[in-house]
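Data from coords11.txt: compact mmCIF, C-alpha atoms
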```txt
# COMPACT_ATOMS: atom_id res chain seq x y z
CA MET B 1 20.22 -23.79 21.14
CA SER B 2 23.27 -21.97 22.39
CA ASN B 3 24.49 -21.11 18.90
CA PRO B 4 22.07 -20.44 16.08
CA GLN B 5 22.88 -21.97 12.73
CA LEU B 6 25.24 -19.92 10.65
CA VAL B 7 23.95 -19.13 7.19
CA MET B 8 25.91 -17.20 4.59
CA TYR B 9 24.39 -15.34 1.65
CA ASP B 10 26.04 -14.03 -1.51
CA GLU B 11 25.66 -10.37 -0.64
CA GLU B 12 27.27 -10.58 2.80
CA PHE B 13 29.90 -13.02 1.54
CA LYS B 14 31.08 -10.38 -0.95
CA GLN B 15 31.09 -7.67 1.70
CA ILE B 16 33.08 -9.86 4.08
CA ASN B 17 35.62 -10.70 1.41
CA ALA B 18 36.00 -7.03 0.54
CA VAL B 19 36.77 -6.22 4.18
CA ILE B 20 39.35 -8.96 4.64
CA GLU B 21 40.96 -8.26 1.28
CA LYS B 22 41.39 -4.65 2.35
CA LEU B 23 42.81 -5.84 5.66
CA LEU B 24 45.21 -8.13 3.80
CA ARG B 25 46.61 -5.15 1.90
CA GLU B 26 46.62 -2.64 4.72
CA ALA B 27 48.18 -4.98 7.26
CA ASN B 28 50.67 -6.33 4.72
CA ALA B 29 49.60 -9.83 5.68
CA LYS B 30 50.18 -13.11 3.81
CA VAL B 31 46.88 -14.82 4.42
CA ILE B 32 43.68 -14.00 6.26
CA PHE B 33 41.04 -16.50 7.30
CA LEU B 34 37.62 -16.16 8.84
CA VAL B 35 36.54 -19.19 10.83
CA ASP B 36 33.33 -20.01 12.65
CA LYS B 37 33.83 -20.79 16.35
CA ASN B 38 32.70 -24.33 15.56
CA GLY B 39 35.67 -24.81 13.25
CA GLN B 40 34.08 -24.22 9.86
CA LEU B 41 36.05 -22.10 7.42
CA ILE B 42 33.98 -19.13 6.28
CA SER B 43 36.39 -17.44 3.91
CA GLY B 44 40.06 -16.94 3.19
CA VAL B 45 42.10 -14.45 1.13
CA GLY B 46 45.76 -14.17 0.16
CA GLU B 47 48.06 -17.13 -0.43
CA THR B 48 45.40 -19.60 0.70
CA GLU B 49 46.45 -22.36 -1.71
CA ARG B 50 49.69 -22.83 0.23
CA PHE B 51 47.82 -23.93 3.31
CA ASP B 52 45.54 -26.74 4.39
CA THR B 53 42.71 -24.34 5.14
CA THR B 54 40.27 -26.91 6.54
CA SER B 55 42.75 -28.15 9.14
CA LEU B 56 43.78 -24.61 9.91
CA ALA B 57 40.17 -23.67 10.59
CA SER B 58 39.56 -26.65 12.83
CA LEU B 59 42.74 -26.15 14.86
CA THR B 60 42.13 -22.42 15.22
CA ALA B 61 38.68 -23.07 16.61
CA GLY B 62 40.12 -25.71 18.95
CA ASN B 63 42.75 -23.21 20.04
CA ILE B 64 40.16 -20.50 20.73
CA ALA B 65 37.97 -23.01 22.57
CA ALA B 66 40.87 -24.16 24.73
CA THR B 67 42.02 -20.65 25.64
CA GLY B 68 38.37 -19.74 26.25
CA GLY B 69 38.23 -22.60 28.74
CA LEU B 70 41.40 -21.27 30.38
CA ALA B 71 39.91 -17.77 30.54
CA LYS B 72 36.82 -19.04 32.34
CA LEU B 73 38.99 -20.89 34.86
CA ILE B 74 40.64 -17.65 35.91
CA GLY B 75 37.41 -15.68 35.85
CA GLU B 76 37.73 -13.99 32.44
CA LYS B 77 34.97 -14.13 29.84
CA GLU B 78 37.38 -14.97 27.05
CA PHE B 79 40.75 -14.00 25.66
CA SER B 80 39.77 -12.02 22.61
CA ILE B 81 43.24 -11.86 21.06
CA LEU B 82 45.87 -14.59 20.69
CA PHE B 83 49.27 -14.07 19.19
CA HIS B 84 51.63 -16.85 18.09
CA GLU B 85 55.15 -15.86 17.19
CA GLY B 86 57.20 -18.09 14.92
CA GLU B 87 60.70 -17.78 13.45
CA LYS B 88 59.37 -16.37 10.18
CA ASP B 89 55.62 -16.35 10.27
CA ASN B 90 53.28 -15.19 12.99
CA LEU B 91 49.60 -15.72 13.68
CA HIS B 92 47.30 -13.06 15.05
CA ILE B 93 43.98 -14.58 16.10
CA SER B 94 41.06 -12.51 17.34
CA ILE B 95 37.39 -12.99 18.07
CA VAL B 96 35.02 -10.86 16.03
CA GLY B 97 31.50 -10.08 17.17
CA GLY B 98 31.63 -12.83 19.76
CA ARG B 99 31.25 -15.71 17.33
CA VAL B 100 33.68 -15.51 14.42
CA ILE B 101 37.45 -15.93 14.49
CA LEU B 102 39.73 -13.73 12.39
CA VAL B 103 43.14 -15.25 11.64
CA VAL B 104 45.91 -13.09 10.19
CA LEU B 105 49.14 -14.71 9.08
CA PHE B 106 52.03 -12.30 8.59
CA ASP B 107 55.82 -12.25 8.39
CA THR B 108 58.58 -9.67 8.84
CA ARG B 109 57.14 -7.45 6.10
CA SER B 110 54.54 -6.43 8.65
CA SER B 111 54.52 -5.99 12.42
CA LEU B 112 52.34 -6.91 15.35
CA GLY B 113 51.49 -3.26 15.97
CA LEU B 114 50.32 -2.67 12.42
CA VAL B 115 48.30 -5.88 12.37
CA ARG B 116 46.62 -5.07 15.67
CA LEU B 117 45.72 -1.60 14.50
CA ARG B 118 44.24 -2.73 11.18
CA VAL B 119 42.48 -5.73 12.70
CA LYS B 120 40.71 -3.47 15.15
CA LYS B 121 39.19 -1.39 12.36
CA ALA B 122 38.27 -4.40 10.23
CA SER B 123 36.72 -6.11 13.24
CA ASP B 124 34.18 -3.33 13.65
CA GLU B 125 33.17 -3.60 10.02
CA LEU B 126 32.93 -7.39 10.19
CA THR B 127 30.91 -7.26 13.39
CA ALA B 128 28.35 -5.07 11.64
CA ILE B 129 28.14 -7.39 8.64
CA PHE B 130 27.68 -10.50 10.79
CA ALA B 131 25.00 -8.76 12.83
CA ARG B 132 23.12 -7.99 9.62
CA LEU B 133 23.61 -11.56 8.45
CA LEU B 134 22.14 -12.97 11.63
CA GLN B 135 19.21 -10.62 11.43
CA LYS B 136 18.58 -11.52 7.83
CA ALA B 137 18.62 -15.25 8.60
CA GLU B 138 16.20 -14.72 11.48
CA GLU B 139 13.85 -12.66 9.34
CA LYS B 140 13.88 -15.25 6.59
CA GLU B 141 13.10 -17.96 9.10
CA LYS B 142 10.25 -15.98 10.63
CA SER B 143 8.64 -15.14 7.33
CA GLY B 144 8.89 -18.78 6.34
CA GLU B 145 10.72 -17.72 3.22
CA SER B 146 13.39 -20.25 2.47
CA ASP B 147 15.36 -21.29 -0.54
CA PHE B 148 16.82 -24.06 1.55
CA PRO B 149 18.20 -26.72 -0.75
CA PHE B 150 17.51 -29.66 1.53
CA ALA B 151 13.79 -29.20 1.97
CA GLU B 152 13.07 -31.81 -0.65
CA ILE B 153 15.93 -34.13 0.05
CA THR B 154 15.14 -37.84 -0.32
CA ASP B 155 16.60 -41.02 1.15
CA ASP B 156 18.07 -41.76 -2.26
CA ASP B 157 19.98 -38.46 -2.25
CA ILE B 158 21.57 -39.44 1.03
CA ASP B 159 22.31 -43.01 -0.04
CA ASN B 160 24.01 -41.67 -3.16
CA LEU B 161 26.54 -39.83 -1.01
CA PHE B 162 27.85 -43.14 0.25
CA SER B 163 27.73 -45.13 -2.96
CA MET N 1 25.45 -26.25 14.28
CA SER N 2 25.81 -26.79 10.60
CA PHE N 3 27.07 -23.99 8.41
CA ILE N 4 25.19 -23.31 5.19
CA ASN N 5 27.02 -21.17 2.69
CA TYR N 6 24.81 -20.03 -0.17
CA ALA N 7 27.68 -18.08 -1.69
CA SER N 8 29.97 -21.08 -2.22
CA ARG N 9 27.05 -23.58 -2.20
CA GLU N 10 28.40 -25.65 0.64
CA ILE N 11 26.99 -27.21 3.72
CA ASN N 12 29.21 -28.28 6.61
CA CYS N 13 28.18 -30.53 9.48
CA LYS N 14 30.02 -31.61 12.60
CA ILE N 15 29.95 -35.19 13.89
CA VAL N 16 31.50 -36.06 17.24
CA TYR N 17 32.58 -39.59 18.24
CA TYR N 18 32.17 -39.96 21.98
CA GLY N 19 32.94 -42.85 24.33
CA PRO N 20 35.14 -44.14 27.14
CA GLY N 21 38.94 -44.32 26.90
CA LEU N 22 40.32 -46.90 24.44
CA CYS N 23 36.87 -47.76 23.04
CA GLY N 24 38.01 -47.16 19.45
CA LYS N 25 36.91 -43.64 18.50
CA THR N 26 40.20 -42.78 16.84
CA THR N 27 40.29 -46.23 15.19
CA ASN N 28 36.89 -45.46 13.63
CA LEU N 29 38.26 -42.28 12.09
CA GLN N 30 41.45 -43.98 10.95
CA PHE N 31 39.45 -46.62 9.11
CA VAL N 32 37.25 -44.01 7.44
CA TYR N 33 40.41 -42.14 6.44
CA GLN N 34 42.05 -45.25 4.96
CA LYS N 35 39.01 -46.23 2.96
CA THR N 36 38.06 -42.84 1.59
CA ALA N 37 39.22 -41.72 -1.85
CA THR N 38 41.95 -39.08 -1.71
CA GLU N 39 39.86 -36.40 -3.38
CA ALA N 40 37.08 -36.82 -0.82
CA LYS N 41 39.13 -36.37 2.31
CA GLY N 42 41.37 -33.81 3.90
CA LYS N 43 44.28 -34.41 6.21
CA MET N 44 43.52 -36.31 9.40
CA ILE N 45 44.76 -34.42 12.42
CA SER N 46 45.43 -36.15 15.71
CA LEU N 47 46.34 -34.18 18.79
CA ALA N 48 47.63 -37.11 20.80
CA THR N 49 50.14 -37.86 23.54
CA GLU N 50 53.38 -39.74 22.88
CA THR N 51 51.59 -42.98 23.66
CA GLU N 52 48.95 -42.19 21.03
CA ARG N 53 46.19 -41.44 23.47
CA THR N 54 43.98 -38.62 22.20
CA LEU N 55 44.90 -35.45 24.08
CA PHE N 56 42.50 -32.92 22.59
CA PHE N 57 40.82 -34.27 19.46
CA ASP N 58 41.18 -36.06 16.15
CA PHE N 59 39.80 -34.30 13.14
CA LEU N 60 38.90 -35.68 9.72
CA PRO N 61 37.14 -33.58 7.07
CA LEU N 62 35.13 -35.55 4.49
CA ALA N 63 33.61 -34.16 1.32
CA LEU N 64 31.12 -36.79 0.33
CA GLY N 65 29.61 -35.23 -2.75
CA GLU N 66 26.72 -33.03 -3.72
CA ILE N 67 23.10 -32.99 -2.73
CA ARG N 68 20.88 -30.73 -4.80
CA GLY N 69 23.88 -28.78 -6.01
CA PHE N 70 25.33 -28.24 -2.54
CA LYS N 71 28.73 -29.66 -1.63
CA THR N 72 28.13 -31.71 1.50
CA ARG N 73 30.98 -31.83 3.99
CA PHE N 74 31.20 -33.69 7.25
CA HIS N 75 33.77 -32.82 9.87
CA LEU N 76 34.47 -35.83 12.05
CA TYR N 77 35.85 -35.22 15.53
CA THR N 78 36.72 -37.54 18.40
CA VAL N 79 36.94 -36.52 22.03
CA PRO N 80 39.64 -37.68 24.46
CA GLY N 81 38.05 -40.62 26.26
CA GLN N 82 39.93 -40.59 29.52
CA VAL N 83 37.86 -39.34 32.43
CA PHE N 84 40.21 -36.53 33.46
CA TYR N 85 40.03 -34.80 30.08
CA ASP N 86 36.49 -33.65 30.70
CA ALA N 87 37.18 -29.95 30.16
CA SER N 88 38.48 -30.70 26.65
CA ARG N 89 35.54 -32.98 25.87
CA LYS N 90 33.08 -30.20 26.58
CA LEU N 91 34.82 -27.86 24.14
CA ILE N 92 34.63 -30.32 21.29
CA LEU N 93 30.88 -30.74 21.68
CA LYS N 94 30.41 -27.07 20.81
CA GLY N 95 28.38 -26.73 17.64
CA VAL N 96 27.87 -30.47 17.22
CA ASP N 97 25.27 -31.68 14.71
CA GLY N 98 25.30 -35.36 15.58
CA VAL N 99 26.92 -37.74 18.05
CA VAL N 100 28.20 -41.29 17.63
CA PHE N 101 28.63 -43.07 20.92
CA VAL N 102 31.27 -45.79 20.63
CA ALA N 103 30.78 -48.40 23.35
CA ASP N 104 33.44 -50.92 24.33
CA SER N 105 31.71 -54.33 24.30
CA GLN N 106 34.11 -55.93 26.79
CA GLU N 107 32.56 -56.93 30.12
CA GLU N 108 35.08 -55.03 32.22
CA ARG N 109 34.35 -51.79 30.33
CA MET N 110 30.62 -51.82 30.95
CA GLU N 111 30.82 -49.41 33.85
CA ALA N 112 33.05 -47.07 31.85
CA ASN N 113 30.47 -47.10 29.03
CA ILE N 114 27.64 -46.17 31.35
CA GLU N 115 29.67 -43.42 32.97
CA SER N 116 30.62 -42.04 29.56
CA VAL N 117 27.01 -41.92 28.29
CA GLU N 118 26.00 -40.03 31.43
CA ASN N 119 28.92 -37.70 30.93
CA LEU N 120 27.85 -37.14 27.32
CA ARG N 121 24.31 -36.27 28.33
CA PHE N 122 25.54 -33.90 31.01
CA ASN N 123 28.10 -32.15 28.81
CA LEU N 124 25.58 -31.72 26.00
CA GLN N 125 23.13 -30.20 28.42
CA GLU N 126 25.75 -27.68 29.44
CA GLN N 127 25.98 -26.60 25.79
CA GLY N 128 22.20 -26.39 25.53
CA TYR N 129 21.59 -29.68 23.70
CA ASP N 130 19.33 -32.57 24.66
CA LEU N 131 20.74 -36.00 23.81
CA ASP N 132 17.21 -37.25 23.13
CA LYS N 133 16.63 -34.58 20.52
CA ILE N 134 19.81 -34.43 18.48
CA PRO N 135 20.93 -36.95 15.83
CA TYR N 136 22.49 -39.80 17.78
CA VAL N 137 23.63 -43.35 17.01
CA ILE N 138 25.42 -45.98 19.07
CA GLN N 139 28.14 -48.37 18.00
CA TYR N 140 28.95 -51.53 19.98
CA ASN N 141 32.61 -51.89 19.16
CA LYS N 142 35.10 -54.75 19.59
CA ARG N 143 32.59 -57.49 18.77
CA ASP N 144 35.51 -59.72 17.76
CA LEU N 145 36.90 -60.00 21.29
CA PRO N 146 36.17 -63.05 23.48
CA ASN N 147 34.93 -61.51 26.75
CA ILE N 148 32.07 -59.42 25.42
CA VAL N 149 28.65 -58.52 26.75
CA SER N 150 25.64 -59.53 24.63
CA VAL N 151 24.10 -56.91 22.36
CA GLU N 152 20.80 -57.24 24.26
CA GLU N 153 22.45 -56.26 27.51
CA LEU N 154 24.39 -53.40 25.89
CA ARG N 155 21.12 -52.16 24.45
CA ARG N 156 19.40 -52.34 27.79
CA GLU N 157 22.12 -50.39 29.54
CA LEU N 158 23.16 -47.89 26.88
CA ASN N 159 20.28 -47.51 24.48
CA PRO N 160 17.01 -47.24 26.43
CA THR N 161 15.49 -44.90 23.83
CA GLY N 162 16.20 -47.23 20.93
CA VAL N 163 18.32 -45.02 18.68
CA PRO N 164 19.94 -46.75 15.67
CA ASP N 165 22.75 -49.00 16.89
CA PHE N 166 25.42 -51.06 15.17
CA GLU N 167 27.82 -53.87 15.99
CA ALA N 168 31.33 -53.12 14.89
CA CYS N 169 34.95 -54.05 14.88
CA ALA N 170 36.64 -50.75 14.12
CA ALA N 171 40.08 -52.34 13.77
CA THR N 172 38.92 -54.35 10.74
CA GLY N 173 36.38 -51.74 9.70
CA GLU N 174 33.28 -53.82 10.18
CA GLY N 175 30.33 -51.58 10.99
CA VAL N 176 32.34 -48.36 10.70
CA PHE N 177 30.74 -47.00 7.55
CA GLU N 178 27.28 -48.25 8.55
CA THR N 179 27.59 -46.14 11.69
CA LEU N 180 28.83 -43.08 9.83
CA LYS N 181 26.14 -43.38 7.21
CA ALA N 182 23.43 -43.64 9.87
CA ILE N 183 24.52 -40.49 11.68
CA ALA N 184 25.00 -38.55 8.44
CA LYS N 185 21.53 -39.53 7.36
CA GLN N 186 19.98 -38.41 10.64
CA ILE N 187 21.79 -35.06 10.45
CA LEU N 188 20.62 -34.40 6.90
CA LEU N 189 17.06 -35.36 7.75
CA GLU N 190 17.23 -33.07 10.77
CA LEU N 191 18.34 -30.23 8.51
CA LYS N 192 15.41 -30.94 6.25
CA LYS N 193 13.02 -30.90 9.20
CA GLY N 194 14.49 -27.68 10.57
CA LYS N 195 13.50 -25.65 7.55
```
Would you mind writing the file's structure down as C-alpha cells?
Amino acid sequence: MSNPQLVMYDEEFKQINAVIEKLLREANAKVIFLVDKNGQLISGVGETERFDTTSLASLTAGNIAATGGLAKLIGEKEFSILFHEGEKDNLHISIVGGRVILVVLFDTRSSLGLVRLRVKKASDELTAIFARLLQKAEEKEKSGESDFPFAEITDDDIDNLFS
Amino acid sequence: MSFINYASREINCKIVYYGPGLCGKTTNLQFVYQKTATEAKGKMISLATETERTLFFDFLPLALGEIRGFKTRFHLYTVPGQVFYDASRKLILKGVDGVVFVADSQEERMEANIESVENLRFNLQEQGYDLDKIPYVIQYNKRDLPNIVSVEELRRELNPTGVPDFEACAATGEGVFETLKAIAKQILLELKKGK
C-alpha cells in the first residue's frame, strides 16, 4: 500500500506531546494540532476545547491534499508550508516528515516569523519521533508480536456497535 | 489506512461514498447524521457549491462505541460525483479503508454508473489499492422511483464479483444503515485479518 497503517504507542505519544507543548509555549501559540495526512487527529495541545478538532483535522488534511494536487500540476513535489491569515487568528500549516501535518493557530501575541522559526526546530524533533514510531511498528509486525485489540473480535462485537 | 492509537485507545477508519453525480452520496450521509444520537456524531461538513452540489467532500465523523476497550470511530466522506471533479475525487480516496459505491437505479443513469465504477477502480489503482481486495459494498439507490433498472441487471453490470449489495432509498433512509453496517463490518474484519 502507498501509506502504511499509522500506529501510535504510549511512549511516542508522550514524546510527541512534549514537543508540541514546548512549541506552544515557545511560539506563543493558542492551539497546536498534529494531523495524519488522511485526516485523523493525532494530538492537540492548548485551547483545544474551543475548537471542533475532528472537523479541523479533516479540513486541514483536505487542504493539504488540495494544495498538494496544485503543486503537482505545476511540477512541484508539494507545498510544505501553508499560511492562512485572518483578522485575529492565523493558521500556520506545515508537513512534517512527509506524512504528518502540524497546525499552529496563533494571534497577534505571536508573529509569523517566530512561528516559522520555532516550527522548524520542532519539525526536526517530530520527524525523528515519527521515524522511530514507524520502525517500531514494522519491527513489531515482523516479529509477529502484537497486542492488537481486534485479533479476537467477533461478529457480535461488531453488531453491538450498531444496536 | 486506519489509525490505531494505543495511547488514547482509539481506532479511526475512513469510509468513502463513491458514485456518479446526483446518485445520493450526500443524502446517505445526511440520513446517517439525522438518525445518529448527538453524542455519537460530530459536525457534518459539506463543501458544496451554491446549488448544493458537492464541490470537494462531505465529512461526517461517527463514534459508534467501543470494541474490546477501544473507541471505534468511522470517518464518512463523500466524493464530488460530477465527472470534471476527478482531481478532487482522487485526493479523497487517500488513506481509504472501505468504499461504498452508490449506484443510481434509474435507467438513464446506467451509463454514468458504469463510468463511475471504472473511474473508482482506476483512481484507487493510482493510490496503490485494488478494488477487489479492499472492503467494498454497493448500494442500489433510488429504488422508489418509477423508471428503474432491475436489481439483477444492476448486479450484472456493476457487481460482477458479488460483493455485498443493498437496495436503498437514501431520501427516506431505507437501506442506508444496512449499507453502512456492512462496510464497517468488512473494515473491522479486515483489520482483524491484517494482524
Between atom CA of Lys140 of chain B and atom CA of Lys14 of chain N - distance in Å to one decimal: 23.8 Å
Neighbours of chain N in chain B at 9 Å, counting all atoms listed in the file, as a ChimeraX atom specification: /B:1-14,36-40,42,52,54-55,58-59,62,65-66,69,141,144,146,148-155,157-162
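Nearest-residue note for Arg25 of chain B: choosing from B:Val115, B:Ala137, B:Val100, B:Ile81, the minimum distance belongs to B:Val115, counting all atoms listed in the file.
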Coordinates-based distance that separates atom CA of Gly175 of chain N from atom CA of Leu120 of chain N (Å, one decimal): 21.9 Å
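Rounded to one decimal, atom CA of Phe31 of chain N and atom CA of Leu158 of chain N lie 24.1 Å from each other.
The closest residue to Arg143 of chain N, picked from N:Cys169, N:Arg155, N:Ala48, N:Ile187 and counting all atoms listed in the file, is N:Cys169.
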Best match for closeness to Leu126 of chain B among B:Ser143, B:Ser94, B:Thr108, B:Asn63, counting only C-alpha atoms: B:Ser94
Spatial neighbours of Val176 of chain N, max dist 10 Å, all atoms listed in the file, sep filter under 2 positions, as a ChimeraX atom specification: /N:27-29,31-32,139,141,166-174,178-181
Nearest candidate to Leu112 of chain B (options B:Leu91, B:Leu24, B:Ile32, B:Val45; using only C-alpha atoms): B:Leu91
Padded axis-aligned box of segment 96-111 of chain B (4 Å per side), centre and edge lengths, Å, one decimal, as lines of an AutoDock Vina configuration file:
```
center_x = 44.9
center_y = -11.0
center_z = 12.9
size_x = 35.3
size_y = 17.9
size_z = 21.7
```
Using only C-alpha atoms: which of N:Asp104, N:Asp86, N:Asp165, N:Glu157 has the shortest distance to Phe122 of chain N: N:Asp86
Within-12 Å shell of (52.9, -21.6, 12.8) in input frame, all atoms listed in the file, as a count of residues only: 20
Selected residue, from N:Ser105, N:Thr54, N:Gln125, N:Thr26, that lies nearest to Ile148 of chain N when counting all atoms listed in the file: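 The shortest atom-to-atom distance to Ile148 of chain N comes from N:Ser105.
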